[in-house]
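As structure tokens, the structure follows; a few thoughts come after it.
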Amino acid sequence: MSLLEVERLEARYGLLAAVRQVSFSIEDGERVALVGANGAGKTTLLRAIAGAHPHASGRVAFDGVDIGGLPAHRRVPLGIALVPEGRRLFPGLTVEENLLVAAGRGRAGRWTVPAVTEAIPMLDPLLGQRASTLSGGQQQAAAIARALVTNPRLLLLDEVSLGLSPVAVQAVYESLRSLEGSGTTVVLVEQDLTRALAFADRVLCVLEGRIVLEGAAGTLTREQVTEAYFGLHHGGAAATGEAV
Amino acid sequence: MTAETGVPSTGWRVGRWTLTSRISIGVVAVVLVLLAIVPLTLNDNAVEQLTSLLIFVILAGMWNALAGYGGMVSVGQQGFIGLGAYGTIFFTHRGVPPYLAMVLGALTAAALSLPLSLVVLRLRGGQFAIGTWVVAATLAILVSLDSDFGGGTGTSLTGLNVYDQTMREGYTYWLTLGFAVLVLGLSLLLLRSRHGTALQAIRDDGGAAASLGVRVLPLKLVLFVLAAFGCGAAGAMILANTLFIQPQSIFGVQWTAYMIFMVLVGGLGTFEGPIVGALIFFGIQYEFANGGTWYLIGLGAVAVFFALVLPRGLWSLVEERAQVQLLPVGYRLLRLRSRSSPDPDTSGSPPSG
Amino acid sequence: MTWVNVLIQGVMLGGVYALLACGLSLMFGVMRIINLAHGDIAVVGAYLVWETSTKWGISPFLTILIALPLMMALGYLLQITLLSRSLRGGQLVPLLTTFGLAVVIQNLLQQLFSPDVHSIAPQTGSIATAAWHLTGQVSIPVIGLISLALAVAVLGGLQLVLRTTRFGREMRATAEDPDTAALMGVNAGAVYARATAIAVATATLAGAIFAIRSTFGPTSGSTQLIFAFEAVVIGGLGSLWGTLWGGIVLGVAQAIGGHIDPQYAVLAGNLVFLVVLASPRGRAIAAEVAR
């Protein structure tokens, strides 16, 4: 049984379908990269899995249990955590308070506030600072820490490199290394294809709400991914692999 | 508006008039004529009742202009109602003929709205609501402190004694009709003007509208002054209709309750909605006004229900079902059949505005 | 020397206003709702305390303890039924719903209890009129001191809860970003409901105190709402201690105005409020709403 099973999921904004008939599954411990151009539907897909966006139709099962009806705050204790696009720290709260809010509602586990601070040392001097005063890179690290502190079994990361300098992005991916070997399943939405392919075991490419390419990171060439990313494949089903 | 030169044989053009709106304007013209001859054809009681109805139409239209088009929820329009009424008293005390005094009273309300706008217009949302309420309450206190106006016990409009009852009611009716046509006409023009879409943008999201270059504050000011004038006119006519007023009642917040009811039930943000709401309210008032507190409880409960369930009012149901917009507000996509004869009525076209 | 008394009266009155205002401030801070029925809820609390203490002959200070949990439950209910739906409707809807609610409450009270005004003072024995006489001409009314102390205690307590407890943190987080709070496991709806319950409780307390100090009737809610709002604006939005300060300024203004002429009391308060609003500080306050 897979950790996460998504079957023919559809999510809409009004009449506009952002996620269409998407099906895939993710195994425990896998690291999956979700790539695609802006507006392809990646963020909506992550939010739908996290419970922040309603499912128009389809099924999402976590650990075999249908979570379709559960609101976001009820999925956190199950072990699903989302680091939202744009970080979305609570600006008026200190970094420590941001972490405490999440820790108070998450699961018990190895990631306590001290543990997370140790794993991401750049946060240590920032704990007492208000989140609004942090730089982009610092905020991103704090946002990841905040999600970690709920001890998720499935960690969803949305565009962690967005708006950050290359140095900051490097630092962020360094802090993600701390997840290695911890058994946390990760789904990473990333526009930087190089980083995505380096980080992930498996890659899913999304175009206009559908999955158009899927495969192990090592077996896909950059050309294949780039073509799928921009929708440049010639002919239909052949290049789309397991897409629905 | 109908650029036909160089137009392909099939295609679309943007226009303002449809067959439906042409018919509606025709109907409106007929109705206006009928309304104008009311005092000549109906009895005194009917004339007085219709005057009340017209006052409700003015009030509903003005509150809708503020909230429906400007996004400003005012809980203090009764301040201007009172200003219009007491302004009238002020001028009659100085020898001005009563009907002229009423016009001046309305203008006074409009004039005073300018300095008041400096205080309240920068507020938004609930702050604007309570701010206007405080202003109205303050005006009420100031008036009741002035012995010239009879203080808290009220005052009456004596200048109308020169007319016999039928003539008085007739003139009052005509002036009310005139005010109603004026303020509704002005708001219709405002909607049709290039500021019309700007107004809708402000209502939906003032900040976003401002970032697009919409001059938010001047437009809000225009609406505020128009609403002050309209409510002032209504206040003057309420005085003319009842002949006696007291600060607590003319400055009372129940007027806002009535306005909110009419606009919510009829349709917030549409032109026709407030008129529908005023008709409904008039009917209810006629039947139940003696119900005292239960009547007000009912009004409040119905308003809450509509706010939660059908905030765009009954008219929105009509608009959506029939895809109809009676008056030529907003723009429509019209399909052209051939070069010279455009088909103006496309009931399937998306509602605009 | 009587001016000192006027000042003292004003400060004591300010305490009551601050107590009433902090609920309004809390609901606005957490939910961005200005509850136009807040004053009327305080009056409901006053009626509850009055009714139970006159019927059963118990001291109002005890009946307040009965009334509080009851009102909190009602507040919780109010939020999960009416107000949560209003929040989804956008900017205008909460104002319209709470206004409609105010109309319903006022007239329901009038229907149930008659338009007469009442006071709880007779039930409190001598406390309502007792005073400490510092000098021959300066006296501090006991009930005034109690209300001021209560206001400080409640505001201080709320501030403490917000800053140090998990519940307070969650409330602050939800106030800033309810969607992300949900992503962190916080049930925004429950937070809102609890905030409303607290606001209703403080309103009930304020209503009862007000009813002991003076008279109240079914329509008192409107004026109370205006005073509460004025206190919040004068003191600056978003600051609980600012609400105390604003209440006191309002109370003193009213006391001074009332001393000159009883009819000027409310007017003086309104004028101070309008002046603050027109000032640069007022503009800053208005800008805060846009946040």
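If you're wondering about the labels, chains in the structure tokens are A, B, ... by order shown, residues count from 1 in each chain, ligands from 1 in order shown.
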Checklist entry - Taking only C-alpha atoms into account, which residues of chain B are within 8 Å of chain C, as a PyMOL selection string? => result chain B and resi 71+73+118-120+122-127+130+133-135+138+141-142+145+257+260+293-294+296-298+300-301+303-304+307-308+311
Next on the checklist: Residues of chain C within 7 Å of chain A, counting only C-alpha atoms, what are they? List them as a list in words.
Outcome noted: Arg169, Glu170, Ala173, Glu176, Asp177, Thr180, Ala182, Leu183, Met184, Gly185, Val186 and Asn187 of chain C
Item to check | In region 9-248 of chain C, DSSP strand (DSSP E) residues written as a ChimeraX atom specification | outcome: /C:131-133,139-141
Could those selected residues go to a file with C-alpha atoms, as a short mmCIF file (atom, residue, chain, number, x, y, z; two decimals), in the first residue's frame?
```
data_model
loop_
_atom_site.label_atom_id
_atom_site.label_comp_id
_atom_site.auth_asym_id
_atom_site.auth_seq_id
_atom_site.Cartn_x
_atom_site.Cartn_y
_atom_site.Cartn_z
CA ALA C 131 -17.32 55.82 48.36
CA TRP C 132 -14.05 56.48 50.05
CA HIS C 133 -13.73 60.02 51.14
CA SER C 139 -14.19 60.95 47.05
CA ILE C 140 -13.60 57.77 45.12
CA PRO C 141 -16.68 55.68 44.45
#
```
Checklist entry - Quick one, how far is CA of Leu4 (chain A) from CA of Pro114 (chain A)? => result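 So the answer is 29.3 Å.
For the choices A:Cys205, A:Val172, A:Leu16, A:Ala200, the atom-to-atom distance to Ala217 (chain A) is smallest for A:Ala200 when using only C-alpha atoms.
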Next on the checklist: Excluding Glu180 (chain A) and its own-chain neighbours fewer than 4 positions away, which residues fall within 12 Å of it when counting only C-alpha atoms? Please give them as a ChimeraX atom specification.
Outcome noted: /A:29-31,119,173-176,184-186,199-200
Checklist entry - Using only C-alpha atoms, which of C:Gly23, C:Gly168, C:Gly29, C:Pro122 sits nearest Ile58 (chain C)? => result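 Counting only C-alpha atoms, the residue closest to Ile58 (chain C) is C:Pro122.
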Checklist entry - Rounded to one decimal in Å, what is the spacing between CA of Gln129 (chain A) and CA of Gly157 (chain C)? => result 24.0 Å
Next on the checklist: Would you pick out the contacts of Ala233 (chain B) at 12 Å or less, using only C-alpha atoms, so that residues sharing its chain but fewer than 5 positions from it are not included, and give the list as a ChimeraX atom specification?
Outcome noted: /B:54-59,62,77-78,80-88,99-110,172,175-183,226-228,238-240
